[in-house]
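> Dumping the structure here so I can ask a few things about it.
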Amino acid sequence: MTDQLEGSPIIDEVLGAAAAPLRVFHGKLEREGEPRGLIGPRDVEILWERHILNSAAVVPFVLDALGVPDDADGNGRLNATGQLADVGSGGGFPGIIVAVCLPKVTVSLIEPMERRVDWLSEVVHDLDLKNVRIVHARAEDAKKPGEGFDVVTCRAVAPMRKLAGFTMPLLRTGGRLVALKGRTAQDEIDKGMKMILRAKGRDPRVVDAPVGPGLESTHVVLVDRK
């Protein structure tokens with residue numbers, strides 16, 4: 001099976017300088033992802049769109065949280081700095097993609113499952129990612145740098161009523177949660193509002209996140225830390 005976007009100019013248009021290393025990641029996912037239980041059998045044909053470009057959709061929101069403009073020439077992405085935690089990294093979504101796109105941002109991949117930690121370690125080695133550290137722990141037990149992370153990202157980890165309780169404490173005051181979500185994002189916020197506020201979250205909102213030209217956009221939930 002061949003990925004539907006293989007050879008498409010969309011990949012370079014969206015990813016820029018990150019396209020080359022993410023092609024290496026794509027190849028590894030294509031060969032090993034399903035046997036190792038990281039993706040489903042139907043995902044092989046849509047790895048670029050469903051997993052890699054979908055994950056890259058958070059990058060502009062991470063840059064905004066770090067106070068860096070996402071300029072057309074890509075300097076914002078290449079020069080942005082900060083501390084980011086990706087909770088429940090699993091196969092590397094969105095943490096690996098963010099780390100490749102933002103090479104000067106220190107990315108902590110927090111993952112409790114040993115076999116996924118092994119996978120992430122291989123990917124970090126294969127892509128020679130100097131800005132990544134892997135934390136084999138649950139989010140509740142992960143150590144924070146100094147007063148906390150600037151940004152926390154995650155995808156398909158838990159509903160907002162649960163997610164807020166173990167992501168907001170990782171953030172510094174004024175930091176931001178950037179969570180990839182589906183079409184029920186606003187409903188999750190509505191149901192989880194009490195927990196979000198209790199965890200010192202502020203101004204939870206859903207934003208539309210473009211994935212690529214002609215591709216269906218995704219949804220991102222943003223929550224600031226009081």
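Following the order of the structure tokens, first chain is A, next is B, and so on, with residues numbered from 1 inside each chain and ligands from 1 in the order they appear.
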Write out as a ChimeraX atom specification all residues of region 67-189 of chain A that backbone DSSP assigns to strand (DSSP E).
/A:82-87,105-110,132-135,149-155,171-181
> Set out as a tab-separated table a contact list for region 66-144 of chain A and region 40-59 of chain A with a cut-off of 8 Å, giving each residue of region 66-144 of chain A that qualifies its closest atom pair and distance in Å to one decimal, counting only C-alpha atoms, ordered by chain and rising residue number.

residue	atom	partner	partner_atom	distance
A:Phe93	CA	A:Ser55	CA	5.9
A:Pro94	CA	A:Ser55	CA	4.5
A:Gly95	CA	A:Ser55	CA	8.0
A:Ile97	CA	A:Ala56	CA	6.1
A:Val98	CA	A:Val59	CA	6.3
A:Cys101	CA	A:Val59	CA	7.5
> Let me see the file: selected residues, all heavy atoms, as a PDB file, in the first residue's frame.

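Done, and the output landed in part15.pdb:
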ATOM      1  N   PHE A  93       3.281  11.298  18.297  1.00  0.00           N
ATOM      2  CA  PHE A  93       2.327  12.294  17.816  1.00  0.00           C
ATOM      3  C   PHE A  93       1.745  13.090  18.988  1.00  0.00           C
ATOM      4  O   PHE A  93       1.163  12.496  19.886  1.00  0.00           O
ATOM      5  CB  PHE A  93       1.186  11.603  17.065  1.00  0.00           C
ATOM      6  CG  PHE A  93       1.657  10.535  16.121  1.00  0.00           C
ATOM      7  CD1 PHE A  93       1.339   9.207  16.347  1.00  0.00           C
ATOM      8  CD2 PHE A  93       2.433  10.858  15.020  1.00  0.00           C
ATOM      9  CE1 PHE A  93       1.771   8.229  15.490  1.00  0.00           C
ATOM     10  CE2 PHE A  93       2.874   9.873  14.153  1.00  0.00           C
ATOM     11  CZ  PHE A  93       2.544   8.552  14.390  1.00  0.00           C
ATOM     12  N   PRO A  94       1.871  14.389  19.002  1.00  0.00           N
ATOM     13  CA  PRO A  94       2.596  15.199  18.013  1.00  0.00           C
ATOM     14  C   PRO A  94       4.052  15.486  18.358  1.00  0.00           C
ATOM     15  O   PRO A  94       4.733  16.204  17.657  1.00  0.00           O
ATOM     16  CB  PRO A  94       1.803  16.508  18.017  1.00  0.00           C
ATOM     17  CG  PRO A  94       1.394  16.671  19.448  1.00  0.00           C
ATOM     18  CD  PRO A  94       1.100  15.259  19.938  1.00  0.00           C
ATOM     19  N   GLY A  95       4.585  14.899  19.457  1.00  0.00           N
ATOM     20  CA  GLY A  95       5.866  15.317  19.993  1.00  0.00           C
ATOM     21  C   GLY A  95       7.052  15.236  19.046  1.00  0.00           C
ATOM     22  O   GLY A  95       7.846  16.178  18.951  1.00  0.00           O
ATOM     23  N   ILE A  97       7.028  15.190  15.770  1.00  0.00           N
ATOM     24  CA  ILE A  97       6.843  16.148  14.670  1.00  0.00           C
ATOM     25  C   ILE A  97       7.169  17.555  15.148  1.00  0.00           C
ATOM     26  O   ILE A  97       7.843  18.325  14.454  1.00  0.00           O
ATOM     27  CB  ILE A  97       5.411  16.054  14.100  1.00  0.00           C
ATOM     28  CG1 ILE A  97       5.211  14.736  13.351  1.00  0.00           C
ATOM     29  CG2 ILE A  97       5.125  17.201  13.140  1.00  0.00           C
ATOM     30  CD1 ILE A  97       4.919  13.535  14.159  1.00  0.00           C
ATOM     31  N   VAL A  98       6.711  17.928  16.333  1.00  0.00           N
ATOM     32  CA  VAL A  98       7.002  19.253  16.887  1.00  0.00           C
ATOM     33  C   VAL A  98       8.506  19.424  17.083  1.00  0.00           C
ATOM     34  O   VAL A  98       9.078  20.477  16.762  1.00  0.00           O
ATOM     35  CB  VAL A  98       6.249  19.465  18.217  1.00  0.00           C
ATOM     36  CG1 VAL A  98       6.696  20.761  18.886  1.00  0.00           C
ATOM     37  CG2 VAL A  98       4.740  19.499  17.984  1.00  0.00           C
ATOM     38  N   CYS A 101      10.147  20.080  13.734  1.00  0.00           N
ATOM     39  CA  CYS A 101       9.780  21.398  13.197  1.00  0.00           C
ATOM     40  C   CYS A 101      10.404  22.548  13.990  1.00  0.00           C
ATOM     41  O   CYS A 101      10.660  23.623  13.421  1.00  0.00           O
ATOM     42  CB  CYS A 101       8.261  21.549  13.186  1.00  0.00           C
ATOM     43  SG  CYS A 101       7.401  20.503  11.996  1.00  0.00           S
TER      44      CYS A 101
END
> Using only C-alpha atoms, determine which residues lie at most 12 Å from Gly37 (chain A), disregarding the query and same-chain residues fewer than 4 positions distant; provide the list as a compact mmCIF listing (two decimals) with C-alpha atoms, in the first residue's frame.

# COMPACT_ATOMS: atom_id res chain seq x y z
CA LEU A 29 6.22 4.15 10.52
CA GLU A 30 5.28 2.57 7.20
CA ARG A 31 7.54 -0.46 7.84
CA GLU A 32 7.13 -0.94 11.57
CA GLY A 33 4.12 1.03 12.81
CA PRO A 41 -3.83 -1.34 9.28
CA ASP A 43 -3.51 4.09 8.59
CA GLY A 90 2.95 6.99 21.97
CA GLY A 91 4.11 6.71 18.37
CA ARG A 115 7.56 -0.63 24.30
CA ARG A 116 6.61 2.85 23.12
CA TRP A 119 10.18 3.06 19.75
> Have a look at CA of Leu197 (chain A) and CA of Gly92 (chain A) and let me know their distance in Å, one decimal.
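Pair CA of Leu197 (chain A) / CA of Gly92 (chain A) returns 28.7 Å.
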> One decimal, Å: what's the distance from CA of Ala156 (chain A) over to CA of Lys181 (chain A), could you say?
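It comes out at 6.8 Å.
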> Can you pull out the residues contacting Lys200 (chain A)? Cut-off 12 Å, using only C-alpha atoms, and skip same-chain residues under 6 positions away; I want them as a ChimeraX atom specification.
/A:164-177,193-194,223-226
> Excluding Val117 (chain A) and residues on its chain fewer than 2 positions from it, collect all residues at most 9 Å away from it, counting only C-alpha atoms, and give them as a PyMOL selection string.
chain A and resi 89-91+109-115+119-122+134-136
> Need the shell around Gly182 (chain A): protein/DNA/RNA residues with any atom at most 12 Å away, counting only C-alpha atoms. Skip same-chain ones fewer than 3 positions apart. Format as a tab-separated table (two decimals) with N, CA and C atoms, in the first residue's frame?

chain	number	residue	atom	x	y	z
A	50	ARG	N	-3.08	11.81	8.34
A	50	ARG	CA	-3.70	11.53	9.64
A	50	ARG	C	-2.74	11.72	10.81
A	54	ASN	N	-1.27	16.16	10.51
A	54	ASN	CA	-2.21	16.45	11.60
A	54	ASN	C	-1.46	16.92	12.84
A	155	ARG	N	-2.19	14.36	22.14
A	155	ARG	CA	-3.17	13.97	21.13
A	155	ARG	C	-3.80	12.65	21.55
A	156	ALA	N	-5.13	12.64	21.56
A	156	ALA	CA	-5.89	11.41	21.82
A	156	ALA	C	-5.45	10.71	23.11
A	157	VAL	N	-5.32	11.50	24.19
A	157	VAL	CA	-4.88	10.93	25.46
A	157	VAL	C	-6.06	10.69	26.40
A	158	ALA	N	-6.91	11.68	26.57
A	158	ALA	CA	-8.03	11.58	27.51
A	158	ALA	C	-8.99	12.74	27.26
A	159	PRO	N	-10.26	12.61	27.69
A	159	PRO	CA	-11.18	13.75	27.60
A	159	PRO	C	-10.72	14.89	28.49
A	160	MET	N	-11.16	16.10	28.20
A	160	MET	CA	-10.68	17.29	28.90
A	160	MET	C	-10.91	17.23	30.41
A	179	ALA	N	-3.85	21.01	22.86
A	179	ALA	CA	-4.30	19.62	22.74
A	179	ALA	C	-5.02	19.38	21.42
A	185	ALA	N	-14.66	18.53	20.58
A	185	ALA	CA	-13.79	19.32	21.46
A	185	ALA	C	-14.57	20.28	22.36
A	186	GLN	N	-15.51	21.01	21.78
A	186	GLN	CA	-16.26	21.97	22.58
A	186	GLN	C	-17.10	21.27	23.64
A	187	ASP	N	-17.67	20.13	23.28
A	187	ASP	CA	-18.45	19.35	24.23
A	187	ASP	C	-17.56	18.88	25.38
A	188	GLU	N	-16.32	18.50	25.07
A	188	GLU	CA	-15.38	18.09	26.11
A	188	GLU	C	-15.09	19.25	27.07
A	189	ILE	N	-14.92	20.44	26.51
A	189	ILE	CA	-14.69	21.61	27.37
A	189	ILE	C	-15.88	21.86	28.27
A	206	VAL	N	-11.69	26.35	21.66
A	206	VAL	CA	-11.43	25.47	20.52
A	206	VAL	C	-11.09	26.34	19.32
A	207	VAL	N	-10.03	25.98	18.61
A	207	VAL	CA	-9.65	26.71	17.41
A	207	VAL	C	-9.50	25.73	16.25
A	208	ASP	N	-9.78	26.22	15.06
A	208	ASP	CA	-9.61	25.43	13.86
A	208	ASP	C	-8.12	25.42	13.48
A	209	ALA	N	-7.59	24.25	13.16
A	209	ALA	CA	-6.17	24.12	12.85
A	209	ALA	C	-5.99	23.55	11.44
A	216	GLU	N	-8.79	18.28	5.14
A	216	GLU	CA	-9.71	18.67	6.21
A	216	GLU	C	-8.92	19.17	7.42
A	217	SER	N	-9.34	20.30	7.96
A	217	SER	CA	-8.66	20.85	9.13
A	217	SER	C	-8.98	20.01	10.36
A	218	THR	N	-8.22	20.24	11.42
A	218	THR	CA	-8.45	19.55	12.67
A	218	THR	C	-8.82	20.57	13.74
A	219	HIS	N	-8.94	20.12	14.97
A	219	HIS	CA	-9.32	21.01	16.07
A	219	HIS	C	-8.26	20.97	17.17
A	220	VAL	N	-7.99	22.12	17.73
A	220	VAL	CA	-7.04	22.23	18.84
A	220	VAL	C	-7.73	22.93	20.00
A	221	VAL	N	-7.56	22.38	21.19
A	221	VAL	CA	-8.05	23.03	22.42
A	221	VAL	C	-6.87	23.74	23.07
> Point out the residue among A:Gly88, A:Pro145, A:Pro69, A:Pro21 with the least atom-to-atom distance to Thr106 (chain A), counting only C-alpha atoms.
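Looking at the shortest contact to Thr106 (chain A), the residue is A:Pro145.
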> Applying 6 Å and only C-alpha atoms, which residues near Val152 (chain A) remain after dropping the ones on its own chain fewer than 4 positions away? List them as a list of chain:residue names.
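Within the cut-off, the hits are A:Leu84, A:Ala85, A:Asp86, A:Leu177.
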> Compare A:Asp190, A:Asp126, A:Asp203, A:Glu13 by their minimum atom-to-atom distance to Gly27 (chain A), counting only C-alpha atoms, and give me the closest one.
A:Asp126
> According to DSSP computed on the backbone, where in region 51-128 of chain A is there helix (DSSP H, G or I)? Give the residues as a PyMOL selection string.
chain A and resi 51-56+59-65+75-79+95-101+114-127
> To one decimal in Å, tell me the separation between CA of Gly201 (chain A) and CA of Val151 (chain A).
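Value for the CA of Gly201 (chain A)-CA of Val151 (chain A) distance: 13.0 Å.
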> Determine the nearest neighbour of Ala72 (chain A) from the options A:Met1, A:Ile10, A:Leu15, A:Ala199, counting only C-alpha atoms.
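Of A:Met1, A:Ile10, A:Leu15, A:Ala199, the one nearest Ala72 (chain A), counting only C-alpha atoms, is A:Leu15.
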